[in-house]
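Participant: The file below is input-v9.csv, CSV, C-alpha atoms:
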```
chain,number,residue,atom,x,y,z
A,12,MET,CA,-14.5,3.3,-28.9
A,13,LYS,CA,-18.3,2.9,-28.9
A,14,ARG,CA,-17.9,-0.3,-27.0
A,15,PHE,CA,-15.6,1.3,-24.4
A,16,LEU,CA,-17.9,4.2,-23.9
A,17,ALA,CA,-20.8,1.8,-23.4
A,18,VAL,CA,-18.9,0.0,-20.7
A,19,GLU,CA,-17.8,3.2,-19.0
A,20,ARG,CA,-21.4,4.5,-19.1
A,21,ALA,CA,-22.7,1.3,-17.6
A,22,LEU,CA,-20.2,1.5,-14.7
A,23,ARG,CA,-20.8,5.1,-13.9
A,24,THR,CA,-24.6,4.7,-13.8
A,25,ALA,CA,-24.7,1.4,-11.8
A,26,ALA,CA,-25.5,1.3,-8.2
A,27,PRO,CA,-22.4,1.0,-6.0
A,28,HIS,CA,-23.1,-2.6,-5.0
A,29,GLU,CA,-23.9,-3.6,-8.6
A,30,LEU,CA,-20.7,-2.8,-10.5
A,31,LEU,CA,-19.9,-6.5,-11.1
A,32,ASP,CA,-23.4,-7.2,-12.5
A,33,ALA,CA,-23.1,-4.1,-14.7
A,34,ILE,CA,-19.7,-4.8,-16.2
A,35,ARG,CA,-20.6,-8.5,-16.7
A,36,ALA,CA,-23.8,-7.6,-18.7
A,37,VAL,CA,-22.1,-5.0,-20.8
A,38,LEU,CA,-19.0,-7.1,-21.6
A,39,ILE,CA,-21.2,-10.0,-22.7
A,40,GLU,CA,-23.3,-7.6,-24.8
A,41,GLN,CA,-20.4,-5.5,-26.3
A,42,TYR,CA,-17.5,-8.0,-26.5
A,43,GLY,CA,-19.2,-11.3,-26.6
A,44,ALA,CA,-17.7,-12.4,-23.3
A,45,GLU,CA,-18.8,-15.8,-22.1
A,46,ASP,CA,-18.2,-15.3,-18.4
A,47,VAL,CA,-16.8,-12.4,-16.3
A,48,GLU,CA,-15.4,-12.6,-12.7
A,49,LEU,CA,-13.8,-10.1,-10.4
A,50,PHE,CA,-11.3,-11.3,-7.8
A,51,MET,CA,-10.3,-8.9,-5.0
A,52,ALA,CA,-6.9,-9.1,-3.2
A,53,ASP,CA,-7.3,-9.8,0.5
A,54,TYR,CA,-5.7,-7.7,3.2
A,55,SER,CA,-2.6,-9.9,3.5
A,56,LEU,CA,-2.1,-9.9,-0.3
A,57,THR,CA,-1.9,-13.7,-0.4
A,58,VAL,CA,-5.3,-14.6,-1.8
A,59,LEU,CA,-7.3,-13.4,-4.7
A,60,GLN,CA,-10.8,-14.4,-3.6
A,61,PRO,CA,-11.2,-17.3,-4.2
A,62,VAL,CA,-8.0,-18.2,-6.0
A,63,SER,CA,-4.4,-18.1,-4.8
A,64,VAL,CA,-2.3,-15.1,-5.7
A,65,HIS,CA,0.8,-17.1,-6.5
A,66,ASN,CA,-0.4,-20.2,-8.2
A,67,SER,CA,-2.9,-19.1,-10.7
A,68,PRO,CA,-3.1,-17.2,-14.1
A,69,ALA,CA,-5.1,-14.4,-12.3
A,70,GLY,CA,-2.2,-14.3,-9.8
A,71,ARG,CA,0.3,-13.7,-12.6
A,72,ALA,CA,-1.7,-10.8,-13.9
A,73,PHE,CA,-1.9,-9.4,-10.3
A,74,GLY,CA,1.8,-9.8,-9.6
A,75,SER,CA,3.1,-8.5,-13.0
A,76,GLN,CA,0.3,-5.8,-13.3
A,77,GLN,CA,0.1,-6.9,-17.0
A,78,PRO,CA,-2.7,-8.7,-18.8
A,79,TYR,CA,-2.3,-12.4,-18.9
A,80,ARG,CA,-3.8,-14.7,-21.6
A,81,GLU,CA,-4.8,-18.3,-21.3
A,82,GLU,CA,-5.3,-20.0,-24.6
A,83,GLY,CA,-8.1,-22.6,-24.3
A,84,ARG,CA,-9.8,-25.1,-26.5
A,85,ASN,CA,-11.9,-24.2,-29.6
A,86,GLY,CA,-10.2,-20.9,-30.0
A,87,ARG,CA,-11.4,-19.6,-26.6
A,88,THR,CA,-9.1,-17.2,-24.7
A,89,ARG,CA,-9.2,-16.4,-21.0
A,90,LEU,CA,-8.0,-12.8,-20.2
A,91,HIS,CA,-6.9,-11.8,-16.7
A,92,LEU,CA,-6.6,-8.0,-16.4
A,93,PRO,CA,-5.2,-6.2,-13.3
A,94,VAL,CA,-7.6,-3.9,-11.5
A,95,SER,CA,-5.5,-1.1,-10.1
A,96,VAL,CA,-5.8,2.6,-9.2
A,97,ARG,CA,-2.6,4.7,-9.6
A,98,GLY,CA,-0.4,1.7,-8.6
A,99,ASP,CA,-2.6,0.4,-5.8
A,100,ARG,CA,-3.5,-3.1,-6.7
A,101,LEU,CA,-7.1,-4.1,-5.9
A,102,GLY,CA,-7.6,-7.3,-7.8
A,103,VAL,CA,-8.1,-9.0,-11.2
A,104,LEU,CA,-10.9,-8.9,-13.8
A,105,SER,CA,-11.1,-12.3,-15.6
A,106,LEU,CA,-13.2,-13.0,-18.7
A,107,THR,CA,-13.5,-15.6,-21.4
A,108,LEU,CA,-13.8,-14.7,-25.1
A,109,SER,CA,-14.8,-17.3,-27.7
A,110,ASP,CA,-12.7,-15.5,-30.4
A,111,GLY,CA,-9.0,-15.7,-29.7
A,112,ASP,CA,-8.1,-13.2,-32.4
A,113,ALA,CA,-10.6,-10.7,-30.9
A,114,ALA,CA,-9.0,-11.2,-27.5
A,115,HIS,CA,-5.6,-10.2,-28.9
A,116,ARG,CA,-7.2,-7.2,-30.7
A,117,TRP,CA,-9.2,-6.0,-27.7
A,118,GLU,CA,-6.7,-6.7,-24.9
A,119,SER,CA,-5.5,-3.1,-24.6
A,120,GLU,CA,-9.0,-1.8,-24.6
A,121,LEU,CA,-10.2,-4.3,-22.1
A,122,ALA,CA,-7.2,-3.4,-19.8
A,123,ASP,CA,-8.4,0.2,-19.9
A,124,ILE,CA,-11.8,-1.0,-18.9
A,125,ALA,CA,-10.3,-2.8,-15.9
A,126,ASP,CA,-8.7,0.5,-14.9
A,127,VAL,CA,-12.0,2.3,-15.1
A,128,LEU,CA,-13.6,-0.5,-12.9
A,129,GLY,CA,-10.8,0.0,-10.3
A,130,HIS,CA,-11.6,3.7,-10.0
A,131,GLU,CA,-15.4,2.9,-9.7
A,132,VAL,CA,-14.7,0.3,-7.0
A,133,VAL,CA,-12.8,2.9,-4.9
A,134,VAL,CA,-15.6,5.4,-5.3
A,135,ALA,CA,-18.3,2.8,-4.6
A,136,GLU,CA,-16.6,1.8,-1.3
A,137,ARG,CA,-17.8,5.0,0.2
A,138,ASP,CA,-21.4,3.7,-0.1
A,139,THR,CA,-21.2,-0.1,0.1
A,140,ASP,CA,-19.3,-2.8,2.1
A,141,VAL,CA,-19.5,-5.3,-0.8
A,142,TYR,CA,-15.9,-4.9,-2.0
A,143,LEU,CA,-14.4,-4.5,1.4
A,144,GLN,CA,-16.1,-7.8,2.5
A,145,ALA,CA,-14.8,-9.5,-0.6
A,146,ARG,CA,-11.3,-8.7,0.5
A,147,ARG,CA,-11.6,-10.8,3.7
A,148,LYS,CA,-10.6,-14.4,3.9
A,149,ASP,CA,-10.9,-14.1,7.7
A,150,ARG,CA,-12.5,-11.7,10.1
A,151,LEU,CA,-10.6,-8.6,11.0
A,152,THR,CA,-10.2,-7.7,14.7
A,153,LEU,CA,-11.8,-4.3,15.5
A,154,ALA,CA,-8.3,-2.8,16.0
A,155,ALA,CA,-7.3,-4.0,12.5
A,156,GLU,CA,-10.5,-2.7,11.0
A,157,MET,CA,-9.7,0.8,12.4
A,158,GLN,CA,-6.1,0.7,11.1
A,159,TRP,CA,-7.0,-0.4,7.6
A,160,GLN,CA,-9.6,2.4,7.3
A,161,LEU,CA,-6.9,4.9,8.3
A,162,LEU,CA,-4.5,4.0,5.5
A,163,PRO,CA,-4.2,5.9,2.2
A,164,GLY,CA,-3.8,2.6,0.2
A,165,ARG,CA,-1.1,0.0,-0.1
A,166,ALA,CA,0.7,1.3,-3.2
A,167,CYS,CA,1.0,4.4,-5.2
A,168,SER,CA,2.8,5.2,-8.5
A,169,ARG,CA,3.9,8.5,-10.1
A,170,PRO,CA,6.6,9.3,-12.6
A,171,GLU,CA,9.0,10.3,-9.8
A,172,TYR,CA,8.5,7.3,-7.5
A,173,ASP,CA,6.8,4.1,-6.7
A,174,LEU,CA,5.5,3.3,-3.2
A,175,GLY,CA,4.4,0.0,-1.7
A,176,ALA,CA,3.5,-0.9,1.9
A,177,GLN,CA,2.2,-3.8,4.0
A,178,LEU,CA,1.2,-4.5,7.6
A,179,GLU,CA,1.3,-7.8,9.3
A,180,PRO,CA,-0.5,-9.7,10.8
A,181,ALA,CA,-3.0,-8.2,8.4
A,182,TYR,CA,-6.1,-9.4,10.2
A,183,ALA,CA,-4.9,-8.5,13.7
A,184,ILE,CA,-2.7,-5.4,13.5
A,185,PHE,CA,-2.5,-2.9,16.4
A,186,GLY,CA,-0.9,0.5,16.0
A,187,ASP,CA,1.7,0.4,13.2
A,188,ASN,CA,0.7,2.7,10.4
A,189,PHE,CA,1.8,4.6,7.3
A,190,ASP,CA,0.5,7.6,5.6
A,191,TRP,CA,1.4,9.6,2.5
A,192,SER,CA,0.1,12.6,0.5
A,193,ALA,CA,1.5,14.1,-2.7
A,194,THR,CA,1.1,17.5,-4.4
A,195,ALA,CA,2.5,18.6,-7.8
A,196,ASP,CA,5.9,19.2,-6.2
A,197,HIS,CA,6.1,17.3,-2.8
A,198,LEU,CA,5.6,13.9,-1.3
A,199,MET,CA,4.9,13.7,2.4
A,200,LEU,CA,5.4,10.2,4.0
A,201,TYR,CA,4.9,9.1,7.6
A,202,VAL,CA,5.9,5.8,9.0
A,203,THR,CA,4.5,5.1,12.5
A,204,ASN,CA,5.5,2.5,15.1
A,205,GLY,CA,2.5,2.1,17.4
A,206,MET,CA,2.5,1.6,21.2
A,207,GLY,CA,0.4,-0.9,23.1
A,208,GLU,CA,-2.1,-3.5,21.9
A,209,GLY,CA,-5.6,-3.9,20.5
A,210,ILE,CA,-8.1,-1.0,20.5
A,211,GLU,CA,-5.9,1.2,22.7
A,212,ALA,CA,-3.1,1.1,20.2
A,213,SER,CA,-5.4,1.8,17.3
A,214,LEU,CA,-7.0,4.7,19.1
A,215,LEU,CA,-3.6,6.2,19.9
A,216,THR,CA,-2.5,5.9,16.3
A,217,ASN,CA,-5.8,7.3,14.9
A,218,LEU,CA,-5.4,10.4,17.1
A,219,ALA,CA,-1.8,11.0,16.1
A,220,ILE,CA,-2.3,10.4,12.4
A,221,ASN,CA,-5.4,12.6,12.2
A,222,ALA,CA,-3.5,15.4,14.1
A,223,LEU,CA,-0.7,15.1,11.6
A,224,ARG,CA,-3.1,15.3,8.7
A,225,ASN,CA,-4.8,18.3,10.2
A,226,ALA,CA,-1.5,20.1,10.5
A,227,ARG,CA,-0.4,19.1,7.1
A,228,ARG,CA,-3.7,20.2,5.5
A,229,ALA,CA,-3.2,23.6,7.2
A,230,GLY,CA,0.0,24.0,5.3
A,231,LEU,CA,2.4,23.6,8.2
A,232,SER,CA,6.0,22.3,7.9
A,233,ILE,CA,6.7,18.8,9.1
A,234,ALA,CA,8.5,20.1,12.2
A,235,ASP,CA,5.3,22.0,13.1
A,236,GLN,CA,3.1,19.0,12.1
A,237,ALA,CA,5.1,16.9,14.6
A,238,ALA,CA,4.7,19.6,17.3
A,239,LEU,CA,1.0,19.9,16.8
A,240,ALA,CA,0.5,16.1,16.9
A,241,ASP,CA,2.7,15.9,20.0
A,242,GLN,CA,0.5,18.4,21.8
A,243,ALA,CA,-2.7,16.5,20.7
A,244,VAL,CA,-1.4,13.2,22.0
A,245,TYR,CA,0.0,14.6,25.2
A,246,ALA,CA,-3.3,16.5,25.9
A,247,HIS,CA,-5.2,13.3,25.8
A,248,TYR,CA,-2.8,10.8,27.4
A,249,ARG,CA,-0.7,13.1,29.6
A,250,GLY,CA,2.5,11.2,28.7
A,251,HIS,CA,1.2,7.7,29.6
A,252,CYS,CA,1.1,6.7,26.0
A,253,TYR,CA,3.1,8.1,23.1
A,254,LEU,CA,3.9,7.3,19.5
A,255,SER,CA,7.0,6.9,17.4
A,256,VAL,CA,7.0,8.3,13.9
A,257,LEU,CA,9.5,8.9,11.0
A,258,MET,CA,8.4,11.8,8.8
A,259,PHE,CA,9.6,12.9,5.4
A,260,ASP,CA,8.8,15.8,3.1
A,261,PHE,CA,10.4,15.1,-0.3
A,262,ASP,CA,10.9,17.7,-3.0
A,263,LEU,CA,10.0,15.9,-6.2
A,264,ALA,CA,12.1,18.1,-8.4
A,265,THR,CA,15.4,17.9,-6.5
A,266,GLY,CA,15.2,14.8,-4.3
A,267,ARG,CA,15.9,16.8,-1.2
A,268,ALA,CA,13.9,16.1,1.9
A,269,SER,CA,13.2,17.4,5.3
A,270,VAL,CA,13.0,14.7,8.0
A,271,VAL,CA,11.7,14.5,11.6
A,272,ASP,CA,12.8,11.3,13.4
A,273,ALA,CA,10.6,11.0,16.5
A,274,GLY,CA,11.1,7.5,17.6
A,275,SER,CA,11.9,3.9,16.5
A,276,PRO,CA,11.0,3.3,12.8
A,277,GLN,CA,14.2,2.7,10.9
A,278,LEU,CA,15.3,3.5,7.3
A,279,LEU,CA,17.5,1.3,5.2
A,280,ARG,CA,18.8,2.5,1.8
A,281,LEU,CA,19.7,0.3,-1.2
A,282,ARG,CA,22.0,2.2,-3.5
A,283,GLY,CA,24.3,0.7,-6.1
A,284,GLY,CA,23.8,-2.8,-4.8
A,285,THR,CA,24.7,-1.8,-1.2
A,286,VAL,CA,22.3,-1.8,1.7
A,287,GLU,CA,23.0,0.6,4.6
A,288,ARG,CA,21.0,1.9,7.5
A,289,VAL,CA,20.4,5.7,7.4
A,290,ALA,CA,20.4,7.2,10.9
A,291,PHE,CA,19.0,10.6,11.9
A,292,ASP,CA,19.2,12.6,15.1
A,293,ALA,CA,16.6,10.9,17.3
A,294,GLN,CA,14.0,13.2,18.9
A,295,LEU,CA,11.3,12.4,21.4
A,296,PRO,CA,8.2,10.3,20.4
A,297,LEU,CA,5.0,12.2,20.0
A,298,GLY,CA,3.1,12.8,23.2
A,299,MET,CA,5.9,11.8,25.7
A,300,PHE,CA,6.3,15.3,27.2
A,301,GLU,CA,4.4,18.5,27.0
A,302,GLU,CA,5.2,21.1,24.2
A,303,THR,CA,8.2,19.3,22.7
A,304,ASP,CA,10.0,21.3,19.9
A,305,TYR,CA,11.0,19.3,16.8
A,306,MET,CA,13.8,20.1,14.3
A,307,ALA,CA,13.8,19.0,10.7
A,308,GLN,CA,17.0,17.5,9.3
A,309,ASP,CA,18.2,17.5,5.7
A,310,PHE,CA,18.3,14.3,3.6
A,311,HIS,CA,18.8,13.7,-0.1
A,312,VAL,CA,17.6,10.8,-2.3
A,313,GLU,CA,19.1,10.0,-5.7
A,314,PRO,CA,17.5,8.4,-8.8
A,315,GLY,CA,17.8,4.7,-8.5
A,316,ASP,CA,17.6,4.7,-4.7
A,317,ARG,CA,15.4,2.3,-2.9
A,318,LEU,CA,14.3,3.3,0.6
A,319,VAL,CA,12.9,0.7,3.0
A,320,PHE,CA,11.2,1.8,6.2
A,321,VAL,CA,10.6,-0.8,8.9
A,322,SER,CA,9.0,-0.9,12.3
A,323,ASP,CA,10.6,-2.7,15.3
A,324,GLY,CA,8.2,-5.6,14.7
A,325,VAL,CA,10.4,-6.5,11.8
A,326,HIS,CA,14.0,-6.0,12.9
A,327,ALA,CA,13.4,-6.9,16.6
A,328,VAL,CA,11.3,-10.1,16.0
A,329,ALA,CA,12.8,-13.0,18.0
A,330,SER,CA,13.4,-16.7,17.1
A,331,PRO,CA,12.1,-19.5,19.3
A,332,LYS,CA,15.5,-19.3,21.0
A,333,GLY,CA,15.2,-15.6,21.6
A,334,GLU,CA,17.6,-14.5,18.9
A,335,PRO,CA,16.6,-11.2,17.2
A,336,TYR,CA,16.1,-11.1,13.4
A,337,GLY,CA,18.6,-8.2,13.3
A,338,GLN,CA,20.0,-5.7,10.8
A,339,ALA,CA,22.2,-8.1,8.9
A,340,ALA,CA,19.3,-10.4,8.0
A,341,LEU,CA,17.1,-7.5,7.1
A,342,ALA,CA,19.8,-6.1,4.8
A,343,ARG,CA,20.1,-9.5,3.1
A,344,ALA,CA,16.3,-9.6,2.6
A,345,ILE,CA,16.3,-6.1,1.0
A,346,HIS,CA,19.2,-7.1,-1.3
A,347,SER,CA,17.5,-10.4,-2.3
A,348,THR,CA,14.3,-8.5,-3.3
A,349,ARG,CA,16.1,-5.8,-5.3
A,350,LEU,CA,14.5,-6.9,-8.6
A,351,LEU,CA,11.0,-6.9,-7.4
A,352,PRO,CA,8.7,-3.8,-7.9
A,353,ALA,CA,8.1,-1.6,-4.9
A,354,ALA,CA,4.6,-2.9,-4.4
A,355,GLU,CA,5.8,-6.5,-4.1
A,356,VAL,CA,8.8,-5.8,-1.8
A,357,PRO,CA,7.1,-5.3,1.6
A,358,ARG,CA,5.2,-8.7,1.5
A,359,ALA,CA,8.3,-10.5,0.2
A,360,ILE,CA,10.5,-9.1,3.0
A,361,LEU,CA,7.9,-9.7,5.7
A,362,ARG,CA,8.0,-13.5,4.9
A,363,GLU,CA,11.6,-13.6,6.2
A,364,PRO,CA,11.1,-12.4,9.9
A,365,THR,CA,7.9,-14.6,9.9
A,366,GLY,CA,10.0,-17.6,9.1
A,367,HIS,CA,12.6,-16.5,11.7
A,368,ARG,CA,9.9,-16.3,14.4
A,369,GLY,CA,8.7,-19.9,13.7
A,370,GLU,CA,5.3,-21.1,14.7
A,371,ALA,CA,5.0,-18.7,17.7
A,372,LEU,CA,2.3,-16.1,17.5
A,373,PRO,CA,3.6,-12.5,16.8
A,374,ASP,CA,3.7,-10.3,19.9
A,375,ASP,CA,4.0,-7.1,17.8
A,376,ASP,CA,2.7,-6.0,14.5
A,377,ALA,CA,5.2,-5.4,11.6
A,378,LEU,CA,5.3,-2.7,9.0
A,379,ILE,CA,7.4,-2.2,5.8
A,380,VAL,CA,7.2,0.7,3.4
A,381,CYS,CA,9.3,0.6,0.2
A,382,LEU,CA,10.0,3.8,-1.9
A,383,ASP,CA,11.7,3.5,-5.3
A,384,TRP,CA,12.9,6.9,-6.3
A,385,ARG,CA,13.3,7.8,-10.0
A,386,GLY,CA,13.2,11.6,-9.6
A,387,ARG,CA,12.0,14.2,-12.1
A,388,PRO,CA,13.7,14.5,-15.5
A,389,GLU,CA,15.6,17.7,-15.8
A,390,CYS,CA,13.7,18.8,-18.9
A,391,GLU,CA,10.4,19.0,-16.9
```
Take the structure in the file and write it out as structure tokens.
Facilitator:
Amino acid sequence: MKRFLAVERALRTAAPHELLDAIRAVLIEQYGAEDVELFMADYSLTVLQPVSVHNSPAGRAFGSQQPYREEGRNGRTRLHLPVSVRGDRLGVLSLTLSDGDAAHRWESELADIADVLGHEVVVAERDTDVYLQARRKDRLTLAAEMQWQLLPGRACSRPEYDLGAQLEPAYAIFGDNFDWSATADHLMLYVTNGMGEGIEASLLTNLAINALRNARRAGLSIADQAALADQAVYAHYRGHCYLSVLMFDFDLATGRASVVDAGSPQLLRLRGGTVERVAFDAQLPLGMFEETDYMAQDFHVEPGDRLVFVSDGVHAVASPKGEPYGQAALARAIHSTRLLPAAEVPRAILREPTGHRGEALPDDDALIVCLDWRGRPECE
């Protein structure tokens, strides 16, 4: 416990840009580590800088979200520990210990240290660009920079649910977006299908999402949130630009939800091995006309359900011959990834329409959000 507290103290007192130096020094001092490295997941979730996510021991720890041990020569052990914050996977902390028995004995404690490091990195990102820069294997477009800064994270886990989301092309996204916020009893989730390209698309999405957040934080219902955001977008663009959004307010205790479908994002549900599209009464996109009224619809999710939300950049992507990817192919992709955790599903599904498109450059960004629903035990 003294060792753990020493590490925690070192992290909390370090300057934001010096977390790696601080944890390296204290792990060497307190645990006899021979080397310590921090790998950050890039924006496309395909690379742990500088090693591959898929073909490395660090990648195994990242994918499974469990510590992974490499047994080396002379009793040395290399430990790879996932660095995550409430289900949002940031990277991997890797260190070598000369005593293999100590590595087994301290594994759980060191995994807790990696969790503390993850929280400190998130806080440090308010004051330094070091960790955001480490996530980039390429330069982001300005529109993509704006979109990534708007997102809440790429995954979230609570006893009632797991969430995972991904945007592609990660380094050149335009206007697609997702947002979520949870309280003790509710989860609010927005899935946005942007309009336009580049900076203009990003500006439109930023305006709409911040208007929705403003209304949400004022305690308004999702129907009123949609109405307020609609007014904000229309006031600025006068109907020349508008935004499609699918909005949910889940009751964590019952699984009942209020839904506003204002546009083109789609929902597919995997229940009992069967994938089906869930359709709602379509309403006008935000900002298309002045003072649109929105009505919430009822929806119910059951324990064991997987909900997959997609933008039209997924289901409408065309092959080199002009053939759309389509609902049937999307349903097969959802079924084939049914055993993956929610955080892994979006990236796995997005590989399918990318292959369908071939070598052609994407003409639209693509978004997938996966929600695995467990529900709240009745005894709570």
Participant: CA of Lys13 (chain A) to CA of Arg97 (chain A): how many Å, to one decimal?
Facilitator: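 Those two atoms sit 24.9 Å apart.
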Participant: Counting all atoms listed in the file, which residue out of A:Arg267, A:Arg317, A:Arg358, A:His346 sits closest to Trp384 (chain A)?
Facilitator: A:Arg317
Participant: Could you work out how far CA of Leu174 (chain A) lies from CA of Cys381 (chain A), giving the answer in Å with one decimal?
Facilitator: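 Taking CA of Cys381 (chain A) and CA of Leu174 (chain A), their separation equals 5.8 Å.
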Participant: If you count only C-alpha atoms, which residues fall within 10 Å of region 18-30 of chain A, apart from same-chain ones fewer than 4 positions away, as a list in words?
Facilitator: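 Answer for this query is Met12, Lys13, Arg14, Ile34, Arg35, Ala36, Val37, Leu38, Glu40, Gln41, Tyr42, Leu121, Asp123, Ile124, Val127, Leu128, Glu131, Val132, Val133, Val134, Ala135, Glu136, Arg137, Asp138, Thr139, Asp140, Val141 and Tyr142 of chain A.
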Participant: Considering all atoms listed in the file, return as a PyMOL selection string whatever protein or nucleic-acid residues lie within 12 Å of Met306 (chain A), sequence-local ones (same chain, fewer than 2 positions apart) excluded.
Facilitator: chain A and resi 232-238+258+269-273+291-295+303-304+308-309
Participant: In Å, how far is it from CA of Leu218 (chain A) to CA of His247 (chain A)?
Facilitator: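 Rounded to one decimal, the two atoms are 9.2 Å apart.
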Participant: I need the residue nearest Leu49 (chain A) from this list: A:Thr88, A:Ala359, A:Gly83, A:Val103. Use only C-alpha atoms for the distance.
Facilitator: A:Val103
Participant: Nearest residue to Leu239 (chain A) out of A:Arg282, A:Glu302, A:Gly274, A:Glu334, using only C-alpha atoms?
Facilitator: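 Once distances to Leu239 (chain A) are computed over only C-alpha atoms, the minimum belongs to A:Glu302.
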Participant: So, with all atoms listed in the file as the atoms that count, which of A:Ala290, A:Ala354, A:Leu263, A:Leu198 lies closest to Arg100 (chain A)?
Facilitator: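 For Arg100 (chain A), the nearest of the given residues is A:Ala354.
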Participant: Nearest residue to Leu31 (chain A) out of A:Leu318, A:Leu104, A:Leu90, A:Val202, using all atoms listed in the file?
Facilitator: A:Leu104
Participant: Need the shell around Tyr182 (chain A): protein/DNA/RNA residues with any atom at most 9 Å away, counting only C-alpha atoms. Skip same-chain ones fewer than 5 positions apart. Format as a list of chain:residue names?
Facilitator: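 Near Tyr182 (chain A), the qualifying residues are A:Tyr54, A:Ser55, A:Arg147, A:Asp149, A:Arg150, A:Leu151, A:Thr152, A:Ala155, A:Glu156.
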Participant: Residues as selected, C-alpha atoms, written as a JSON list (two decimals), keeping the file's coordinate frame, can you do that?
Facilitator:
```json
[["chain", "number", "residue", "atom", "x", "y", "z"],
["A", 54, "TYR", "CA", -5.70, -7.70, 3.20],
["A", 55, "SER", "CA", -2.60, -9.90, 3.50],
["A", 147, "ARG", "CA", -11.60, -10.80, 3.70],
["A", 149, "ASP", "CA", -10.90, -14.10, 7.70],
["A", 150, "ARG", "CA", -12.50, -11.70, 10.10],
["A", 151, "LEU", "CA", -10.60, -8.60, 11.00],
["A", 152, "THR", "CA", -10.20, -7.70, 14.70],
["A", 155, "ALA", "CA", -7.30, -4.00, 12.50],
["A", 156, "GLU", "CA", -10.50, -2.70, 11.00]]
```
Participant: Measuring between all atoms listed in the file, which one of A:Ser322, A:Ser109, A:Gln160, A:Ser95 shows the shortest distance to Asp187 (chain A)?
Facilitator: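 That would be A:Ser322, the residue with the smallest distance to Asp187 (chain A).
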Participant: Could you give me, as a ChimeraX atom specification, the residues that sit within 12 Å of (-8.7, -8.0, 16.2) in the file's coordinates, counting all atoms listed in the file?
Facilitator: /A:149-159,180-186,208-213,376
Participant: May I have the residues within 6 Å of Pro357 (chain A) as a PyMOL selection string, using all atoms listed in the file and disregarding those fewer than 3 positions away in the same chain?
Facilitator: chain A and resi 176-177+360+379
Participant: Need to verify the contact set: Asn204 (chain A), 9 Å, all atoms listed in the file, exclusion of same-chain residues closer than 5 positions in sequence. Can you return it as a ChimeraX atom specification?
Facilitator: /A:186-189,216,254-257,274-276,321-324,376-378
Participant: Show me the residues around (1.3, 14.5, -1.2) - criterion: an atom at most 12 Å away, all atoms listed in the file counted - as a VMD selection string.
Facilitator: chain A and resid 163 167 to 169 172 190 to 201 224 227 to 228 230 259 to 263
